[in-house]
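Undergrad: Below is one structure. I have some questions about it.
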2 protein chains.
Amino acid sequence: MSSEQPPAPRRARPSGREARQKARAARHVAPPYLTRVIPPYELLSEEGLQQVERHADQLLEEIGLEIRGDAEAIRLWRNAGARISGEWRVHVPRGLAREIVRGSVPREFIQHARNPARSVQIGGNHTVFAPAYGPPFVSDLERGRRYGTLEDFHNFVKLAYVSPWLHHSGGTVCEPVNLPVNKRHLDMVYAHMRYSDKPFMGSVTTAARAADSIDMCRLLFGEDFVAKHCVILGNVNVNSPLVLDGEASRVIRTYAAANQAPVCVPFILGGAMGPVTTAGGLAQCFAEATFCVALGQLERPGSPAVLGNFLSSMSLRSGAPTFGTPEPALAYFAIGQLVRRLGVPLRCGGNLCASKVPDAQAAYESANSMWPAFLAGANFVLHSAGWLEAGLVMSYEKFVMDVDQLGAFHTLARGLTLDENGFALEAFRDIGPGKHYLGSAHTMANYLTAFYDFELADNNSYEQWSAEGAHDQLQRANRRWKALLESYEPPPIEPAKDEALQDYVARQKQALPDEIG
Amino acid sequence: MSSEQPPAPRRARPSGREARQKARAARHVAPPYLTRVIPPYELLSEEGLQQVERHADQLLEEIGLEIRGDAEAIRLWRNAGARISGEWRVHVPRGLAREIVRGSVPREFIQHARNPARSVQIGGNHTVFAPAYGPPFVSDLERGRRYGTLEDFHNFVKLAYVSPWLHHSGGTVCEPVNLPVNKRHLDMVYAHMRYSDKPFMGSVTTAARAADSIDMCRLLFGEDFVAKHCVILGNVNVNSPLVLDGEASRVIRTYAAANQAPVCVPFILGGAMGPVTTAGGLAQCFAEATFCVALGQLERPGSPAVLGNFLSSMSLRSGAPTFGTPEPALAYFAIGQLVRRLGVPLRCGGNLCASKVPDAQAAYESANSMWPAFLAGANFVLHSAGWLEAGLVMSYEKFVMDVDQLGAFHTLARGLTLDENGFALEAFRDIGPGKHYLGSAHTMANYLTAFYDFELADNNSYEQWSAEGAHDQLQRANRRWKALLESYEPPPIEPAKDEALQDYVARQKQALPDEIG
């Protein structure tokens with residue numbers, strides 16, 4: 001009466017091996033992408049949204065944004081009605097960037113996978129989860145933290161492929177630093193194509209490497225198909241504050257020109273690449289991202305794009321970036337509202353954290369980042385799995401932990417089922433006051449799909465848990481990723497296509513001397 | 001450009017000892033309770049809400065709720081217009097329970113603390129965080145898991161007292177199982193009164209013990225004051241499904257009669273104490289809680305009350321209760337909406353988890369539980385700190401970890417500051433494209449309060465973290481609670497009051513033989 005300890009764990013009937021297998025099968029029906037039935041969270045009032053838009057407009061018009069070293073981009077903006085000051089500073093008349101984006105970018109689009117059953121819908125009320133992107137290091141429980149290699153890269157592509165709740169293979173799942181910096185993109189793109197059949201991302205480090213990525217797509221999907229359909233994303237960071245370097249702008253234009261989707265993401269560490277106050281960072285982020293998405297539309301109107309944001313906070317004690325803090329969460333909610341008004345797909349969030357190990361800090365911070373991203377209505381969530389140490393490390397254990405969490409968001413997205421079976425009035429009538437529902441007809445008919453069951457959670461009694469070795473989640477995750485990797489079988493690929501891709505990679509590698517990063 | 005690793009940690013200026021002290025001071029200005037400026041999350045449509053209300057009404061009218069062994073409660077319900085079937089079954093006409101609650105319970109009320117600066121506002125857009133309640137076990141990193149003692153109880157009262165983001169001292173912060181079961185409530189209530197000056201909860205295990213708790217309040221606050229003001233809460237669980245035992249109903253009536261606030265909480269493990277489908281559990285929970293709150297109003301119209309819910313999911317694999325799952329999260333959102341329509345304070349959520357240790361599982365699950373509780377608009381969040389192993393364990397380390405998280409919700413609650421300083425237009429003008437904001441006038445003026453900084457997070461570089469011993473959050477939490485406990489100094493109390501309380505406790509203990517639980 002006074003306390004809320006549940007009864008000791010007991011077996012739901014039917015129990016045993018068969019039930020567990022059935023349950024496991026029921027759990028693993030993961031859709032190719034997530035569809036949100038529940039509404040997004042609305043933080044700001046209409047007046048608040050207008051204030052942010054007004055300030056973003058003012059930044060773009062009065063201060064302007066520099067595109068350093070891309071004369072063609074400057075020309076496109078001038079023709080669109082922007083004023084150019086100096087050589088590279090673009091001043092965009094109020095509302096113009098938003099107007100270009102609103103009128104031109106598809107509200108949602110399909111990114112096609114080579115396996116059509118895995119194509120994803122990006123935009124609208126859909127969410128696509130992709131693994132972490134960019135870490136130079138990898139780590140696992142036994143071997144600790146070390147530089148990533150091509151073998152690690154392959155492993156994470158394989159893990160993403162066999163993970164039920166990841167919809168996307170991602171891009172630079174880790175840096176294969178054992179390969180020449182000017183050629184590793186070829187191996188990365190090939191790995192996504194060969195070892196997975198989920199959609200993926202291409203290189204963005206130079207326009208030439210972006211072009212390589214798209215050329216490889218033409219070999220895989222066919223030239224005609226690529227001309228008409230989105231098959232690759234390129235994640236381009238703004239050089240905040242208010243600068244887009246010429247290489248980045250050419251990469252945006254390269255993807256857009258090929259009718260592929262640039263994901264335009266200001267990365268703003270508040271107090272460093274933007275003001276320390278969140279409203280300012282939000283307006284800046286919205287201005288920069290809208291500007292970059294608009295540039296893609298100037299290059300090719302109607303091409304797909306994703307508007308991104310990456311706002312991070314800073315430790316008072318050390319100046320280091322922090323994650324899972326409430327300020328970025330608030331910014332996520334606001335940018336979700338702003339971007340819905342524009343009608344363009346939104347990238348934000350991820351299972352972000354600063355912790356060096358997959359401990360409680362990592363988990364709290366990741367959940368604190370994913371919850372607001374999800375309720376903000378994020379359409380594309382990069383860094384959904386594996387991210388550790390402020391993005392410097394891709395962790396094998398964190399990867400499978402995060403994936404387990406992603407599954408729960410699929411259930412959350414469906415909302416409550418308010419139908420006759422859900423309300424269970426007949427069961428209430430049958431059972432009445434003071435009796436239990438274990439083993440009742442209604443429970444038997446529903447228990448397999450009633451609750452999301454975290455694969456990596458241990459819900460057993462203390463005694464059973466102790467007898468089984470008293471493992472924490474980190475240790476269970478270690479077993480899990482190894483089992484997953486063991487279960488991996490490559491998806492089939494047409495030998496002719498594979499040969500053409502390998503041939504392309506070999507030729508491009510021969511054409512240039514190695515650069516060591 | 002392609003990746004989003006932030007720069008290596010660097011010092012914000014000004015740095016050094018002085019800045020850290022200033023920062024620490026700025027961080028620790030915790031209000032006596034939290035006020036939400038941000039709106040709650042609205043999950044269900046008007047139609048959905050009506051469906052739940054209709055089903056709850058139907059449960060109360062058609063099936064009814066039994067109050068087993070409290071003839072006075074039956075009499076009150078009969079007089080209010082309910083039909084009684086058999087000896088104890090109360091059938092409430094449609095809408096009557098909600099009508100009683102809506103017309104009578106205060107929308108918000110103050111629970112007074114003996115230190116007026118720590119009194120809390122319960123209801124409206126306020127949230128009060130209280131520690132975990134009821135665990136028979138405690139644990140810490142060195143001594144492991146063991147039965148709780150009065151010393152542990154004192155420790156957690158002291159920790160709650162010195163913790164900045166906990167507004168409330170709670171109730172049974174752990175069971176002091178070394179004391180006789182029929183007398184330990186005296187020591188518990190005395191400890192809250194003596195070792196803290198935050199508001200607290202009284203005994204609910206029998207009506208006589210509830211009366212003891214209130215009598216002790218009369219000694220501490222004065223009889224007149226207690227007659228007119230709420231100074232104590234009593235957390236009463238429904239014996240779900242659809243039963244309120246006579247002792248529980250007498251406890252509700254005891255608190256209400258004294259103008260104190262019962263917190264009425266159905267504890268429903270889906271598939272055991274209610275149907276396995278969430279809509280049914282939600283309707284049941286809403287029906288049961290409304291019924292119990294209404295009972296308090298029949299006893300004393302206008303007395304304060306809190307409507308609670310505790311819905312838990314179940315593991316498919318073992319039948320054990322699970323936490324941090326999406327189904328209770330959805331129920332939180334819905335019940336928040338339903339309860340706002342009634343205009344009564346809501347209890348839900350907490351940092352709930354099933355993990356045996358404060359690891360990543362514990363943290364993910366806790367955040368997955370606290371986020372929806374907070375956005376649902378919970379007014380009173382029991383189990384905000386320390387809860388482990390499905391509530392069987394109060395953990396010293398988890399306690400301080402959770403408190404650190406509670407601080408972040410204070411920042412979240414304030415929302416975005418959309419003013420001139422927040423938008424930082426002058427700073428954008430001063431700094432322009434491509435330069436950094438570190439050390440700028442705007443950053444200097446704002447950095448101390450710009451970002452919530454988790455006390456227990458390590459955001460340092462890998463090298464520094466390694467040099468400092470490579471501790472995970474669990475180890476840092478272990479140091480933290482010891483330091484906090486060391487820093488504890490008891491709040492002053494009038495010696496005459498203390499003597500009266502001690503005298504009361506001694507007399508009540510002498511009046512009865514010990515019962516061993």
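A note on labels: chains of the structure tokens are A, B, ... as shown, every chain counts residues from 1, and ligands are counted from 1 in their shown order.
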I'd like the contact shell of B:Leu406 - 9 Å cut-off, only C-alpha atoms, skipping same-chain residues fewer than 4 positions apart - returned as a PyMOL selection string.
TA: chain B and resi 129+165-166+370+384-385+401-402+410
Undergrad: Output the contact residues of chain A with respect to chain B at a cut-off of 6 Å, based on only C-alpha atoms, as a PyMOL selection string.
TA: chain A and resi 1-3+5+9-12+20+41+134+204-205+236-237+241-243+271-273+276-277+279-280+315+317-320+326+354+359-361+363-364+391-392+408+412+418+422-424+433-434+436-438+443+450+453+459+473
Undergrad: Within 10 Å of B:Ala117, counting only C-alpha atoms, which residues show up once you throw out same-chain ones fewer than 4 positions away? Write them as an mmCIF file with all heavy atoms, in the first residue's frame, please.
TA:
data_model
loop_
_atom_site.group_PDB
_atom_site.id
_atom_site.type_symbol
_atom_site.label_atom_id
_atom_site.label_comp_id
_atom_site.auth_asym_id
_atom_site.auth_seq_id
_atom_site.Cartn_x
_atom_site.Cartn_y
_atom_site.Cartn_z
ATOM 1 N N PRO B 31 15.745 27.019 -7.162
ATOM 2 C CA PRO B 31 14.522 27.545 -6.563
ATOM 3 C C PRO B 31 13.866 26.480 -5.673
ATOM 4 O O PRO B 31 14.190 25.297 -5.784
ATOM 5 C CB PRO B 31 13.647 27.838 -7.780
ATOM 6 C CG PRO B 31 14.084 26.829 -8.786
ATOM 7 C CD PRO B 31 15.547 26.594 -8.546
ATOM 8 N N PRO B 32 12.931 26.877 -4.787
ATOM 9 C CA PRO B 32 12.290 25.885 -3.903
ATOM 10 C C PRO B 32 11.415 24.889 -4.668
ATOM 11 O O PRO B 32 11.122 23.808 -4.176
ATOM 12 C CB PRO B 32 11.458 26.733 -2.952
ATOM 13 C CG PRO B 32 11.285 28.047 -3.633
ATOM 14 C CD PRO B 32 12.495 28.237 -4.486
ATOM 15 N N HIS B 112 3.479 23.523 2.933
ATOM 16 C CA HIS B 112 4.384 24.332 3.732
ATOM 17 C C HIS B 112 5.507 23.486 4.312
ATOM 18 O O HIS B 112 5.284 22.368 4.770
ATOM 19 C CB HIS B 112 3.609 25.020 4.858
ATOM 20 C CG HIS B 112 2.658 26.047 4.337
ATOM 21 N ND1 HIS B 112 3.001 27.378 4.207
ATOM 22 C CD2 HIS B 112 1.395 25.936 3.867
ATOM 23 C CE1 HIS B 112 1.970 28.038 3.692
ATOM 24 N NE2 HIS B 112 0.990 27.187 3.475
ATOM 25 N N ALA B 113 6.704 24.071 4.272
ATOM 26 C CA ALA B 113 7.856 23.465 4.935
ATOM 27 C C ALA B 113 8.098 24.240 6.223
ATOM 28 O O ALA B 113 7.642 25.369 6.369
ATOM 29 C CB ALA B 113 9.077 23.551 4.028
ATOM 30 N N ASP B 197 14.653 20.683 6.450
ATOM 31 C CA ASP B 197 13.567 21.653 6.614
ATOM 32 C C ASP B 197 12.790 21.790 5.308
ATOM 33 O O ASP B 197 12.109 22.770 5.064
ATOM 34 C CB ASP B 197 14.082 23.003 7.130
ATOM 35 C CG ASP B 197 15.053 23.676 6.172
ATOM 36 O OD1 ASP B 197 15.269 23.151 5.056
ATOM 37 O OD2 ASP B 197 15.592 24.733 6.539
ATOM 38 N N LYS B 198 12.927 20.761 4.457
ATOM 39 C CA LYS B 198 12.125 20.694 3.233
ATOM 40 C C LYS B 198 10.791 19.992 3.552
ATOM 41 O O LYS B 198 10.689 19.283 4.544
ATOM 42 C CB LYS B 198 12.892 19.934 2.144
ATOM 43 C CG LYS B 198 14.148 20.683 1.651
ATOM 44 C CD LYS B 198 14.844 19.980 0.483
ATOM 45 C CE LYS B 198 16.050 20.808 0.019
ATOM 46 N NZ LYS B 198 16.772 20.215 -1.140
#
Undergrad: Looking only at the backbone, which of the residues in stretch 96-232 of chain A does DSSP tag as helix (DSSP H, G or I), as an mmCIF file with N, CA, C and O atoms, in the first residue's frame?
TA:
data_model
loop_
_atom_site.group_PDB
_atom_site.id
_atom_site.type_symbol
_atom_site.label_atom_id
_atom_site.label_comp_id
_atom_site.auth_asym_id
_atom_site.auth_seq_id
_atom_site.Cartn_x
_atom_site.Cartn_y
_atom_site.Cartn_z
ATOM 1 N N LEU A 96 14.016 36.206 -48.479
ATOM 2 C CA LEU A 96 14.281 35.570 -49.770
ATOM 3 C C LEU A 96 14.761 34.123 -49.614
ATOM 4 O O LEU A 96 14.294 33.224 -50.338
ATOM 5 N N ALA A 97 15.672 33.888 -48.683
ATOM 6 C CA ALA A 97 16.199 32.518 -48.523
ATOM 7 C C ALA A 97 15.060 31.571 -48.166
ATOM 8 O O ALA A 97 14.930 30.475 -48.738
ATOM 9 N N ARG A 98 14.220 31.991 -47.233
ATOM 10 C CA ARG A 98 13.088 31.138 -46.855
ATOM 11 C C ARG A 98 12.126 30.933 -48.022
ATOM 12 O O ARG A 98 11.576 29.853 -48.213
ATOM 13 N N GLU A 99 11.946 31.983 -48.779
ATOM 14 C CA GLU A 99 11.019 31.908 -49.909
ATOM 15 C C GLU A 99 11.513 30.897 -50.960
ATOM 16 O O GLU A 99 10.740 30.090 -51.476
ATOM 17 N N ILE A 100 12.824 30.939 -51.225
ATOM 18 C CA ILE A 100 13.390 29.997 -52.200
ATOM 19 C C ILE A 100 13.183 28.563 -51.713
ATOM 20 O O ILE A 100 12.750 27.684 -52.461
ATOM 21 N N VAL A 101 13.465 28.356 -50.425
ATOM 22 C CA VAL A 101 13.370 27.010 -49.864
ATOM 23 C C VAL A 101 11.918 26.528 -49.865
ATOM 24 O O VAL A 101 11.607 25.419 -50.297
ATOM 25 N N ARG A 102 11.024 27.411 -49.407
ATOM 26 C CA ARG A 102 9.618 27.011 -49.268
ATOM 27 C C ARG A 102 8.995 26.670 -50.610
ATOM 28 O O ARG A 102 8.220 25.732 -50.742
ATOM 29 N N GLY A 103 9.376 27.434 -51.616
ATOM 30 C CA GLY A 103 8.722 27.237 -52.900
ATOM 31 C C GLY A 103 9.290 26.107 -53.717
ATOM 32 O O GLY A 103 8.699 25.722 -54.730
ATOM 33 N N SER A 104 10.411 25.564 -53.308
ATOM 34 C CA SER A 104 11.172 24.740 -54.240
ATOM 35 C C SER A 104 11.579 23.358 -53.710
ATOM 36 O O SER A 104 11.526 22.368 -54.438
ATOM 37 N N PRO A 116 14.876 -2.274 -52.812
ATOM 38 C CA PRO A 116 13.745 -1.331 -52.736
ATOM 39 C C PRO A 116 12.979 -1.418 -51.430
ATOM 40 O O PRO A 116 12.392 -0.424 -50.993
ATOM 41 N N ALA A 117 12.987 -2.584 -50.797
ATOM 42 C CA ALA A 117 12.279 -2.733 -49.522
ATOM 43 C C ALA A 117 12.913 -1.886 -48.426
ATOM 44 O O ALA A 117 12.332 -1.695 -47.364
ATOM 45 N N ARG A 118 14.105 -1.389 -48.667
ATOM 46 C CA ARG A 118 14.799 -0.593 -47.658
ATOM 47 C C ARG A 118 14.874 0.885 -48.016
ATOM 48 O O ARG A 118 15.564 1.658 -47.335
ATOM 49 N N LEU A 150 39.833 0.414 -41.944
ATOM 50 C CA LEU A 150 38.825 -0.021 -42.905
ATOM 51 C C LEU A 150 38.061 -1.232 -42.371
ATOM 52 O O LEU A 150 36.866 -1.378 -42.618
ATOM 53 N N GLU A 151 38.753 -2.064 -41.595
ATOM 54 C CA GLU A 151 38.070 -3.224 -41.013
ATOM 55 C C GLU A 151 36.960 -2.765 -40.052
ATOM 56 O O GLU A 151 35.855 -3.303 -40.060
ATOM 57 N N ASP A 152 37.272 -1.761 -39.239
ATOM 58 C CA ASP A 152 36.236 -1.220 -38.350
ATOM 59 C C ASP A 152 35.083 -0.639 -39.170
ATOM 60 O O ASP A 152 33.912 -0.823 -38.838
ATOM 61 N N PHE A 153 35.461 0.086 -40.224
ATOM 62 C CA PHE A 153 34.432 0.668 -41.079
ATOM 63 C C PHE A 153 33.495 -0.426 -41.595
ATOM 64 O O PHE A 153 32.275 -0.311 -41.503
ATOM 65 N N HIS A 154 34.098 -1.500 -42.107
ATOM 66 C CA HIS A 154 33.272 -2.619 -42.591
ATOM 67 C C HIS A 154 32.390 -3.175 -41.479
ATOM 68 O O HIS A 154 31.218 -3.473 -41.694
ATOM 69 N N ASN A 155 32.968 -3.306 -40.297
ATOM 70 C CA ASN A 155 32.194 -3.850 -39.177
ATOM 71 C C ASN A 155 30.957 -2.993 -38.880
ATOM 72 O O ASN A 155 29.875 -3.521 -38.630
ATOM 73 N N PHE A 156 31.135 -1.688 -38.886
ATOM 74 C CA PHE A 156 29.984 -0.838 -38.549
ATOM 75 C C PHE A 156 28.945 -0.802 -39.674
ATOM 76 O O PHE A 156 27.748 -0.701 -39.412
ATOM 77 N N VAL A 157 29.407 -0.912 -40.906
ATOM 78 C CA VAL A 157 28.429 -1.048 -41.998
ATOM 79 C C VAL A 157 27.637 -2.343 -41.825
ATOM 80 O O VAL A 157 26.405 -2.370 -41.978
ATOM 81 N N LYS A 158 28.336 -3.393 -41.454
ATOM 82 C CA LYS A 158 27.661 -4.680 -41.255
ATOM 83 C C LYS A 158 26.712 -4.622 -40.058
ATOM 84 O O LYS A 158 25.600 -5.152 -40.105
ATOM 85 N N LEU A 159 27.173 -3.991 -38.978
ATOM 86 C CA LEU A 159 26.313 -3.874 -37.792
ATOM 87 C C LEU A 159 25.055 -3.056 -38.108
ATOM 88 O O LEU A 159 23.955 -3.389 -37.670
ATOM 89 N N ALA A 160 25.234 -1.980 -38.864
ATOM 90 C CA ALA A 160 24.063 -1.164 -39.230
ATOM 91 C C ALA A 160 23.114 -1.976 -40.110
ATOM 92 O O ALA A 160 21.894 -1.865 -40.007
ATOM 93 N N TYR A 161 23.705 -2.821 -40.948
ATOM 94 C CA TYR A 161 22.880 -3.640 -41.836
ATOM 95 C C TYR A 161 22.027 -4.634 -41.051
ATOM 96 O O TYR A 161 20.845 -4.819 -41.344
ATOM 97 N N VAL A 162 22.607 -5.258 -40.052
ATOM 98 C CA VAL A 162 21.856 -6.284 -39.311
ATOM 99 C C VAL A 162 21.057 -5.711 -38.131
ATOM 100 O O VAL A 162 20.300 -6.434 -37.493
ATOM 101 N N ARG A 184 40.233 7.357 -49.447
ATOM 102 C CA ARG A 184 39.437 6.480 -48.569
ATOM 103 C C ARG A 184 37.940 6.575 -48.857
ATOM 104 O O ARG A 184 37.200 5.649 -48.572
ATOM 105 N N HIS A 185 37.510 7.711 -49.458
ATOM 106 C CA HIS A 185 36.076 7.835 -49.746
ATOM 107 C C HIS A 185 35.618 6.735 -50.707
ATOM 108 O O HIS A 185 34.476 6.287 -50.657
ATOM 109 N N LEU A 186 36.520 6.305 -51.594
ATOM 110 C CA LEU A 186 36.163 5.259 -52.558
ATOM 111 C C LEU A 186 35.875 3.939 -51.843
ATOM 112 O O LEU A 186 34.889 3.258 -52.146
ATOM 113 N N ASP A 187 36.718 3.624 -50.873
ATOM 114 C CA ASP A 187 36.511 2.395 -50.104
ATOM 115 C C ASP A 187 35.262 2.492 -49.228
ATOM 116 O O ASP A 187 34.585 1.490 -49.002
ATOM 117 N N MET A 188 35.005 3.690 -48.718
ATOM 118 C CA MET A 188 33.843 3.857 -47.846
ATOM 119 C C MET A 188 32.548 3.695 -48.644
ATOM 120 O O MET A 188 31.642 2.953 -48.246
ATOM 121 N N VAL A 189 32.458 4.401 -49.769
ATOM 122 C CA VAL A 189 31.237 4.310 -50.566
ATOM 123 C C VAL A 189 31.046 2.882 -51.079
ATOM 124 O O VAL A 189 29.941 2.329 -51.032
ATOM 125 N N TYR A 190 32.157 2.262 -51.495
ATOM 126 C CA TYR A 190 32.053 0.882 -51.967
ATOM 127 C C TYR A 190 31.540 -0.039 -50.850
ATOM 128 O O TYR A 190 30.685 -0.907 -51.079
ATOM 129 N N ALA A 191 32.040 0.172 -49.633
ATOM 130 C CA ALA A 191 31.618 -0.682 -48.509
ATOM 131 C C ALA A 191 30.112 -0.565 -48.263
ATOM 132 O O ALA A 191 29.427 -1.566 -48.044
ATOM 133 N N HIS A 192 29.593 0.657 -48.293
ATOM 134 C CA HIS A 192 28.142 0.818 -48.102
ATOM 135 C C HIS A 192 27.366 0.082 -49.199
ATOM 136 O O HIS A 192 26.327 -0.525 -48.944
ATOM 137 N N MET A 193 27.902 0.153 -50.428
ATOM 138 C CA MET A 193 27.206 -0.463 -51.555
ATOM 139 C C MET A 193 27.276 -1.985 -51.504
ATOM 140 O O MET A 193 26.326 -2.670 -51.859
ATOM 141 N N ARG A 194 28.420 -2.473 -51.063
ATOM 142 C CA ARG A 194 28.672 -3.913 -51.141
ATOM 143 C C ARG A 194 28.180 -4.675 -49.919
ATOM 144 O O ARG A 194 27.627 -5.769 -50.029
ATOM 145 N N TYR A 195 28.406 -4.099 -48.720
ATOM 146 C CA TYR A 195 28.141 -4.854 -47.490
ATOM 147 C C TYR A 195 26.778 -4.554 -46.870
ATOM 148 O O TYR A 195 26.432 -5.086 -45.834
ATOM 149 N N ALA A 207 34.620 18.506 -53.753
ATOM 150 C CA ALA A 207 33.600 18.346 -54.795
ATOM 151 C C ALA A 207 33.930 17.145 -55.683
ATOM 152 O O ALA A 207 33.032 16.424 -56.137
ATOM 153 N N ALA A 208 35.231 16.905 -55.912
ATOM 154 C CA ALA A 208 35.636 15.776 -56.757
ATOM 155 C C ALA A 208 35.240 14.454 -56.098
ATOM 156 O O ALA A 208 34.801 13.516 -56.774
ATOM 157 N N ARG A 209 35.401 14.388 -54.784
ATOM 158 C CA ARG A 209 35.045 13.145 -54.083
ATOM 159 C C ARG A 209 33.516 12.972 -54.024
ATOM 160 O O ARG A 209 33.023 11.847 -54.072
ATOM 161 N N ALA A 210 32.811 14.096 -53.928
ATOM 162 C CA ALA A 210 31.347 14.017 -54.024
ATOM 163 C C ALA A 210 30.950 13.465 -55.383
ATOM 164 O O ALA A 210 30.070 12.599 -55.492
ATOM 165 N N ALA A 211 31.643 13.958 -56.431
ATOM 166 C CA ALA A 211 31.343 13.495 -57.792
ATOM 167 C C ALA A 211 31.658 12.004 -57.941
ATOM 168 O O ALA A 211 30.897 11.257 -58.569
ATOM 169 N N ASP A 212 32.772 11.558 -57.345
ATOM 170 C CA ASP A 212 33.086 10.116 -57.338
ATOM 171 C C ASP A 212 31.936 9.324 -56.729
ATOM 172 O O ASP A 212 31.520 8.280 -57.257
ATOM 173 N N SER A 213 31.436 9.811 -55.595
ATOM 174 C CA SER A 213 30.371 9.094 -54.880
ATOM 175 C C SER A 213 29.139 8.954 -55.763
ATOM 176 O O SER A 213 28.514 7.889 -55.827
ATOM 177 N N ILE A 214 28.814 10.041 -56.459
ATOM 178 C CA ILE A 214 27.625 10.018 -57.310
ATOM 179 C C ILE A 214 27.870 9.144 -58.549
ATOM 180 O O ILE A 214 26.990 8.396 -58.981
ATOM 181 N N ASP A 215 29.091 9.200 -59.087
ATOM 182 C CA ASP A 215 29.437 8.327 -60.223
ATOM 183 C C ASP A 215 29.277 6.857 -59.849
ATOM 184 O O ASP A 215 28.784 6.046 -60.636
ATOM 185 N N MET A 216 29.697 6.518 -58.650
ATOM 186 C CA MET A 216 29.559 5.118 -58.210
ATOM 187 C C MET A 216 28.080 4.741 -58.097
ATOM 188 O O MET A 216 27.688 3.611 -58.410
ATOM 189 N N CYS A 217 27.256 5.696 -57.694
ATOM 190 C CA CYS A 217 25.806 5.439 -57.651
ATOM 191 C C CYS A 217 25.270 5.167 -59.050
ATOM 192 O O CYS A 217 24.370 4.336 -59.232
ATOM 193 N N ARG A 218 25.814 5.879 -60.022
ATOM 194 C CA ARG A 218 25.352 5.659 -61.403
ATOM 195 C C ARG A 218 25.667 4.234 -61.846
ATOM 196 O O ARG A 218 24.877 3.596 -62.555
ATOM 197 N N LEU A 219 26.824 3.729 -61.411
ATOM 198 C CA LEU A 219 27.167 2.340 -61.742
ATOM 199 C C LEU A 219 26.236 1.358 -61.030
ATOM 200 O O LEU A 219 25.836 0.341 -61.585
ATOM 201 N N LEU A 220 25.894 1.685 -59.794
ATOM 202 C CA LEU A 220 25.077 0.760 -58.994
ATOM 203 C C LEU A 220 23.599 0.808 -59.383
ATOM 204 O O LEU A 220 22.937 -0.218 -59.524
ATOM 205 N N PHE A 221 23.068 2.030 -59.548
ATOM 206 C CA PHE A 221 21.619 2.188 -59.777
ATOM 207 C C PHE A 221 21.268 2.392 -61.258
ATOM 208 O O PHE A 221 20.115 2.283 -61.640
ATOM 209 N N GLU A 223 22.389 5.117 -64.745
ATOM 210 C CA GLU A 223 22.439 6.570 -64.918
ATOM 211 C C GLU A 223 21.071 7.215 -64.950
ATOM 212 O O GLU A 223 20.829 8.252 -64.336
ATOM 213 N N ASP A 224 20.161 6.590 -65.664
ATOM 214 C CA ASP A 224 18.809 7.154 -65.774
ATOM 215 C C ASP A 224 18.134 7.246 -64.417
ATOM 216 O O ASP A 224 17.499 8.236 -64.081
ATOM 217 N N PHE A 225 18.278 6.148 -63.668
ATOM 218 C CA PHE A 225 17.623 6.112 -62.363
ATOM 219 C C PHE A 225 18.136 7.225 -61.470
ATOM 220 O O PHE A 225 17.365 7.938 -60.824
ATOM 221 N N VAL A 226 19.458 7.411 -61.451
ATOM 222 C CA VAL A 226 20.063 8.440 -60.590
ATOM 223 C C VAL A 226 19.633 9.840 -61.028
ATOM 224 O O VAL A 226 19.433 10.735 -60.196
ATOM 225 N N ALA A 227 19.458 10.017 -62.325
ATOM 226 C CA ALA A 227 19.048 11.346 -62.809
ATOM 227 C C ALA A 227 17.672 11.724 -62.268
ATOM 228 O O ALA A 227 17.380 12.896 -62.042
ATOM 229 N N LYS A 228 16.849 10.717 -62.053
ATOM 230 C CA LYS A 228 15.458 10.990 -61.668
ATOM 231 C C LYS A 228 15.161 10.734 -60.194
ATOM 232 O O LYS A 228 14.101 11.140 -59.707
#
Undergrad: Pick from B:Ala130, B:Ile110, B:Ile232, B:Val293: nearest to B:Trp387, with only C-alpha atoms counted?
TA: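 Using only C-alpha atoms, the shortest distance to B:Trp387 belongs to B:Ala130.
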